[in-house]
Amino acid sequence: MMYYEIAGESNSALLSAVVSGVPAGLRISEEAIDADVARWSSRMRALSGEGQGSDCEDHVNVLSGVADGRTTGAPIVLVANNAARRPGGELQNIPLAGFPVRPGTVDLGASLKYDISDCSVLGRRFNDRLDVMRVAASGIARELLAEFGVEIISCVTRIGGVSVREDPFADNAPALSPLDVEMSSVRCPSSQMTRAMEDEIARAVAQKDTLGGSFALAVYGLHAGIGTACRDKGSIQSRVAASVFSIEGVDGIEFCDASARSLLSGSGAYDKPSLNGAQGFSRASNKSKGIEGGISTGMPLVVRANVVPSPRIGRSQSSFDMGTLSSCEYRTARYCCCEVPAQAILAEGEAAFALANMYLEKFGCESMSDIHAAVSAYERRLKMSAR
């Protein structure tokens, strides 16, 4: 099984991730990893007051587990320089006196769990700054899926009260342009809705408030038969849902337009199977959005997620000091109005890890040459079965 572990805190000189269980022979590019990291960090900077033009760019170095651009089968060590964000740097949060509990965060629960009164210690460990290494680590999984033609695209569909008018991943919708999404400051495919979302954010910034929203995630090129038919943690729903739910703020997930589909009768809620000798098995529609009974159908898999507003608002909030148990006022030193665009990018990577592991479980996990051979044999069998 492929998995990662992250070491470091928001004020550490270095942040690192160790990715284990990666098959030997996988092509890895630092440039591709940096591109994903840049997509994430640019959205975080743009909406946290640092601005798109900040010279504090994130770069990830691959220190081990790769030789001549390919994995060796050993654990892969990734490292990012975090010195510019350490105490004394202009981007570092202002230290707070006492041990105030940050409202809406993990502070109180973690303080009780680990018996640590200093909430600043917990804040440095459970900090979204560490998400830069989650994005970097998941770049390994994205490279593996790309070997088999699997592509993951996300876009923002709502910020605050502003939503896109049409579902970007509907069956009859025009193909989503990744370039249009990346060119949008909020990763929205509609230029008109991008401007409306920017206005919504500007109003919230003026009030030092935060906004939630929603994003959609689509997986193209996924082979049919990935996942298990058991209604347990082996199904695609449970594993992809767990990966997206691991992101702070995500509080609801749908694998299709479930709220609308649940209003249909059974005769209209499902996809009719189709058979094409040249193309193999397929579906006449994609109402299930790529999953039936916990297994992929080969059609695009679509996930929608709702995100609550960040608790790090820019105004004072009532709280209490964990050291003295007395009331106090708390105001975050690191305000970020809207994290939905960055969280959508993070969700791409987390979903990639879940799906990559399902590929390894089905086709092998030690050598990319063996895995490619197994995938090719599987594809031949599916084509023969449809004739």
# chains A, B, ... in the order shown; residues from 1 in each chain; ligands from 1
$ closest_atom_pairs --of "segment 125-219 of chain A" --to "segment 368-383 of chain A" --cutoff "12 Å" --atoms "only C-alpha atoms" --output "CSV"
residue,atom,partner,partner_atom,distance
A:Glu143,CA,A:Met368,CA,11.7
A:Leu144,CA,A:Met368,CA,8.9
A:Leu145,CA,A:His372,CA,11.4
A:Ala146,CA,A:His372,CA,12.0
A:Glu147,CA,A:His372,CA,8.5
A:Phe148,CA,A:His372,CA,8.0
A:Gly149,CA,A:Val375,CA,11.4
$ residues_around --residues "Val303 of chain A" --least-positions-apart "5" --cutoff "8 Å" --atoms "only C-alpha atoms" --output "PyMOL selection string"
chain A and resi 216-218+253-256
$ atom_distance --atom1 "atom CA of Thr210 of chain A" --atom2 "atom CA of Leu15 of chain A"
27.1 Å
$ residues_around --residues "segment 165-174 of chain A" --least-positions-apart "6" --cutoff "12 Å" --atoms "only C-alpha atoms" --output "MDAnalysis selection string"
chainID A and resid 153:158 180:181 188:194 196 215:220 255:257 271 283:290 299:304
$ select_by_dssp --residues "segment 56-154 of chain A" --states "strand (DSSP E or B)" --output "list in words"
Val60, Asn61, Val62, Leu63, Ser64, Val66, Ala67, Arg70, Thr71, Ile76, Val77, Leu78, Val79, Ala80, Asn81, Pro100, Glu151, Ile152, Ile153 and Ser154 of chain A
$ closest_residue --among "A:Arg129, A:Arg70, A:Arg203, A:Arg124" --to "Asp58 of chain A" --atoms "only C-alpha atoms"
A:Arg129
$ select_by_dssp --residues "segment 336-376 of chain A" --states "helix (DSSP H, G or I)" --output "number ranges by chain"
A: 340-363, 368-376
$ write_last_selection --atoms "N, CA and C atoms" --output "mmCIF file, in the first residue's frame"
data_model
loop_
_atom_site.group_PDB
_atom_site.id
_atom_site.type_symbol
_atom_site.label_atom_id
_atom_site.label_comp_id
_atom_site.auth_asym_id
_atom_site.auth_seq_id
_atom_site.Cartn_x
_atom_site.Cartn_y
_atom_site.Cartn_z
ATOM 1 N N VAL A 340 -11.460 27.673 -0.334
ATOM 2 C CA VAL A 340 -12.102 26.674 -1.191
ATOM 3 C C VAL A 340 -11.270 26.360 -2.433
ATOM 4 N N PRO A 341 -10.729 27.356 -3.172
ATOM 5 C CA PRO A 341 -9.927 27.011 -4.355
ATOM 6 C C PRO A 341 -8.721 26.137 -4.027
ATOM 7 N N ALA A 342 -8.022 26.442 -2.932
ATOM 8 C CA ALA A 342 -6.864 25.639 -2.544
ATOM 9 C C ALA A 342 -7.293 24.249 -2.083
ATOM 10 N N GLN A 343 -8.428 24.170 -1.397
ATOM 11 C CA GLN A 343 -8.895 22.870 -0.921
ATOM 12 C C GLN A 343 -9.307 21.963 -2.074
ATOM 13 N N ALA A 344 -9.806 22.538 -3.163
ATOM 14 C CA ALA A 344 -10.154 21.738 -4.341
ATOM 15 C C ALA A 344 -8.905 21.083 -4.923
ATOM 16 N N ILE A 345 -7.788 21.823 -4.958
ATOM 17 C CA ILE A 345 -6.534 21.269 -5.463
ATOM 18 C C ILE A 345 -6.026 20.172 -4.524
ATOM 19 N N LEU A 346 -6.143 20.405 -3.235
ATOM 20 C CA LEU A 346 -5.738 19.394 -2.257
ATOM 21 C C LEU A 346 -6.576 18.130 -2.415
ATOM 22 N N ALA A 347 -7.870 18.290 -2.718
ATOM 23 C CA ALA A 347 -8.751 17.134 -2.900
ATOM 24 C C ALA A 347 -8.352 16.304 -4.113
ATOM 25 N N GLU A 348 -7.858 16.952 -5.164
ATOM 26 C CA GLU A 348 -7.379 16.207 -6.329
ATOM 27 C C GLU A 348 -6.302 15.211 -5.901
ATOM 28 N N GLY A 349 -5.349 15.687 -5.110
ATOM 29 C CA GLY A 349 -4.250 14.841 -4.694
ATOM 30 C C GLY A 349 -4.670 13.735 -3.755
ATOM 31 N N GLU A 350 -5.537 14.060 -2.798
ATOM 32 C CA GLU A 350 -5.975 13.042 -1.851
ATOM 33 C C GLU A 350 -6.781 11.950 -2.553
ATOM 34 N N ALA A 351 -7.623 12.341 -3.504
ATOM 35 C CA ALA A 351 -8.372 11.347 -4.283
ATOM 36 C C ALA A 351 -7.425 10.513 -5.132
ATOM 37 N N ALA A 352 -6.372 11.147 -5.656
ATOM 38 C CA ALA A 352 -5.384 10.420 -6.459
ATOM 39 C C ALA A 352 -4.722 9.327 -5.635
ATOM 40 N N PHE A 353 -4.420 9.605 -4.375
ATOM 41 C CA PHE A 353 -3.799 8.596 -3.521
ATOM 42 C C PHE A 353 -4.733 7.403 -3.322
ATOM 43 N N ALA A 354 -6.008 7.678 -3.062
ATOM 44 C CA ALA A 354 -6.968 6.594 -2.857
ATOM 45 C C ALA A 354 -7.104 5.738 -4.111
ATOM 46 N N LEU A 355 -7.212 6.383 -5.271
ATOM 47 C CA LEU A 355 -7.390 5.646 -6.521
ATOM 48 C C LEU A 355 -6.111 4.909 -6.913
ATOM 49 N N ALA A 356 -4.949 5.528 -6.699
ATOM 50 C CA ALA A 356 -3.684 4.870 -7.029
ATOM 51 C C ALA A 356 -3.525 3.573 -6.235
ATOM 52 N N ASN A 357 -3.907 3.594 -4.977
ATOM 53 C CA ASN A 357 -3.802 2.377 -4.172
ATOM 54 C C ASN A 357 -4.749 1.290 -4.666
ATOM 55 N N MET A 358 -5.911 1.679 -5.175
ATOM 56 C CA MET A 358 -6.822 0.677 -5.718
ATOM 57 C C MET A 358 -6.252 0.057 -6.992
ATOM 58 N N TYR A 359 -5.530 0.840 -7.791
ATOM 59 C CA TYR A 359 -4.848 0.288 -8.961
ATOM 60 C C TYR A 359 -3.763 -0.693 -8.543
ATOM 61 N N LEU A 360 -2.985 -0.333 -7.523
ATOM 62 C CA LEU A 360 -1.917 -1.216 -7.076
ATOM 63 C C LEU A 360 -2.468 -2.519 -6.512
ATOM 64 N N GLU A 361 -3.590 -2.443 -5.820
ATOM 65 C CA GLU A 361 -4.182 -3.653 -5.263
ATOM 66 C C GLU A 361 -4.688 -4.586 -6.358
ATOM 67 N N LYS A 362 -5.159 -4.022 -7.454
ATOM 68 C CA LYS A 362 -5.722 -4.844 -8.523
ATOM 69 C C LYS A 362 -4.660 -5.365 -9.485
ATOM 70 N N PHE A 363 -3.631 -4.541 -9.765
ATOM 71 C CA PHE A 363 -2.695 -4.883 -10.831
ATOM 72 C C PHE A 363 -1.267 -5.160 -10.364
ATOM 73 N N MET A 368 6.656 -1.157 -12.105
ATOM 74 C CA MET A 368 5.766 -0.543 -13.083
ATOM 75 C C MET A 368 5.662 -1.387 -14.351
ATOM 76 N N SER A 369 6.733 -2.081 -14.739
ATOM 77 C CA SER A 369 6.651 -2.925 -15.934
ATOM 78 C C SER A 369 5.654 -4.057 -15.734
ATOM 79 N N ASP A 370 5.644 -4.665 -14.549
ATOM 80 C CA ASP A 370 4.681 -5.725 -14.258
ATOM 81 C C ASP A 370 3.257 -5.168 -14.194
ATOM 82 N N ILE A 371 3.119 -3.982 -13.612
ATOM 83 C CA ILE A 371 1.790 -3.381 -13.498
ATOM 84 C C ILE A 371 1.245 -3.037 -14.882
ATOM 85 N N HIS A 372 2.085 -2.477 -15.744
ATOM 86 C CA HIS A 372 1.653 -2.164 -17.111
ATOM 87 C C HIS A 372 1.219 -3.433 -17.847
ATOM 88 N N ALA A 373 1.962 -4.518 -17.659
ATOM 89 C CA ALA A 373 1.606 -5.778 -18.311
ATOM 90 C C ALA A 373 0.256 -6.284 -17.818
ATOM 91 N N ALA A 374 0.011 -6.152 -16.511
ATOM 92 C CA ALA A 374 -1.266 -6.601 -15.944
ATOM 93 C C ALA A 374 -2.421 -5.749 -16.447
ATOM 94 N N VAL A 375 -2.218 -4.432 -16.531
ATOM 95 C CA VAL A 375 -3.267 -3.541 -17.035
ATOM 96 C C VAL A 375 -3.570 -3.858 -18.500
ATOM 97 N N SER A 376 -2.536 -4.088 -19.309
ATOM 98 C CA SER A 376 -2.736 -4.405 -20.724
ATOM 99 C C SER A 376 -3.511 -5.709 -20.882
#
$ residues_around --residues "Pro100 of chain A" --least-positions-apart "6" --cutoff "6 Å" --atoms "only C-alpha atoms" --output "list in words"
Phe320, Asp321 and Met322 of chain A
$ atom_distance --atom1 "atom CA of Ser42 of chain A" --atom2 "atom CA of Thr105 of chain A"
23.6 Å
$ atom_distance --atom1 "atom CA of Arg43 of chain A" --atom2 "atom CA of His59 of chain A"
15.6 Å
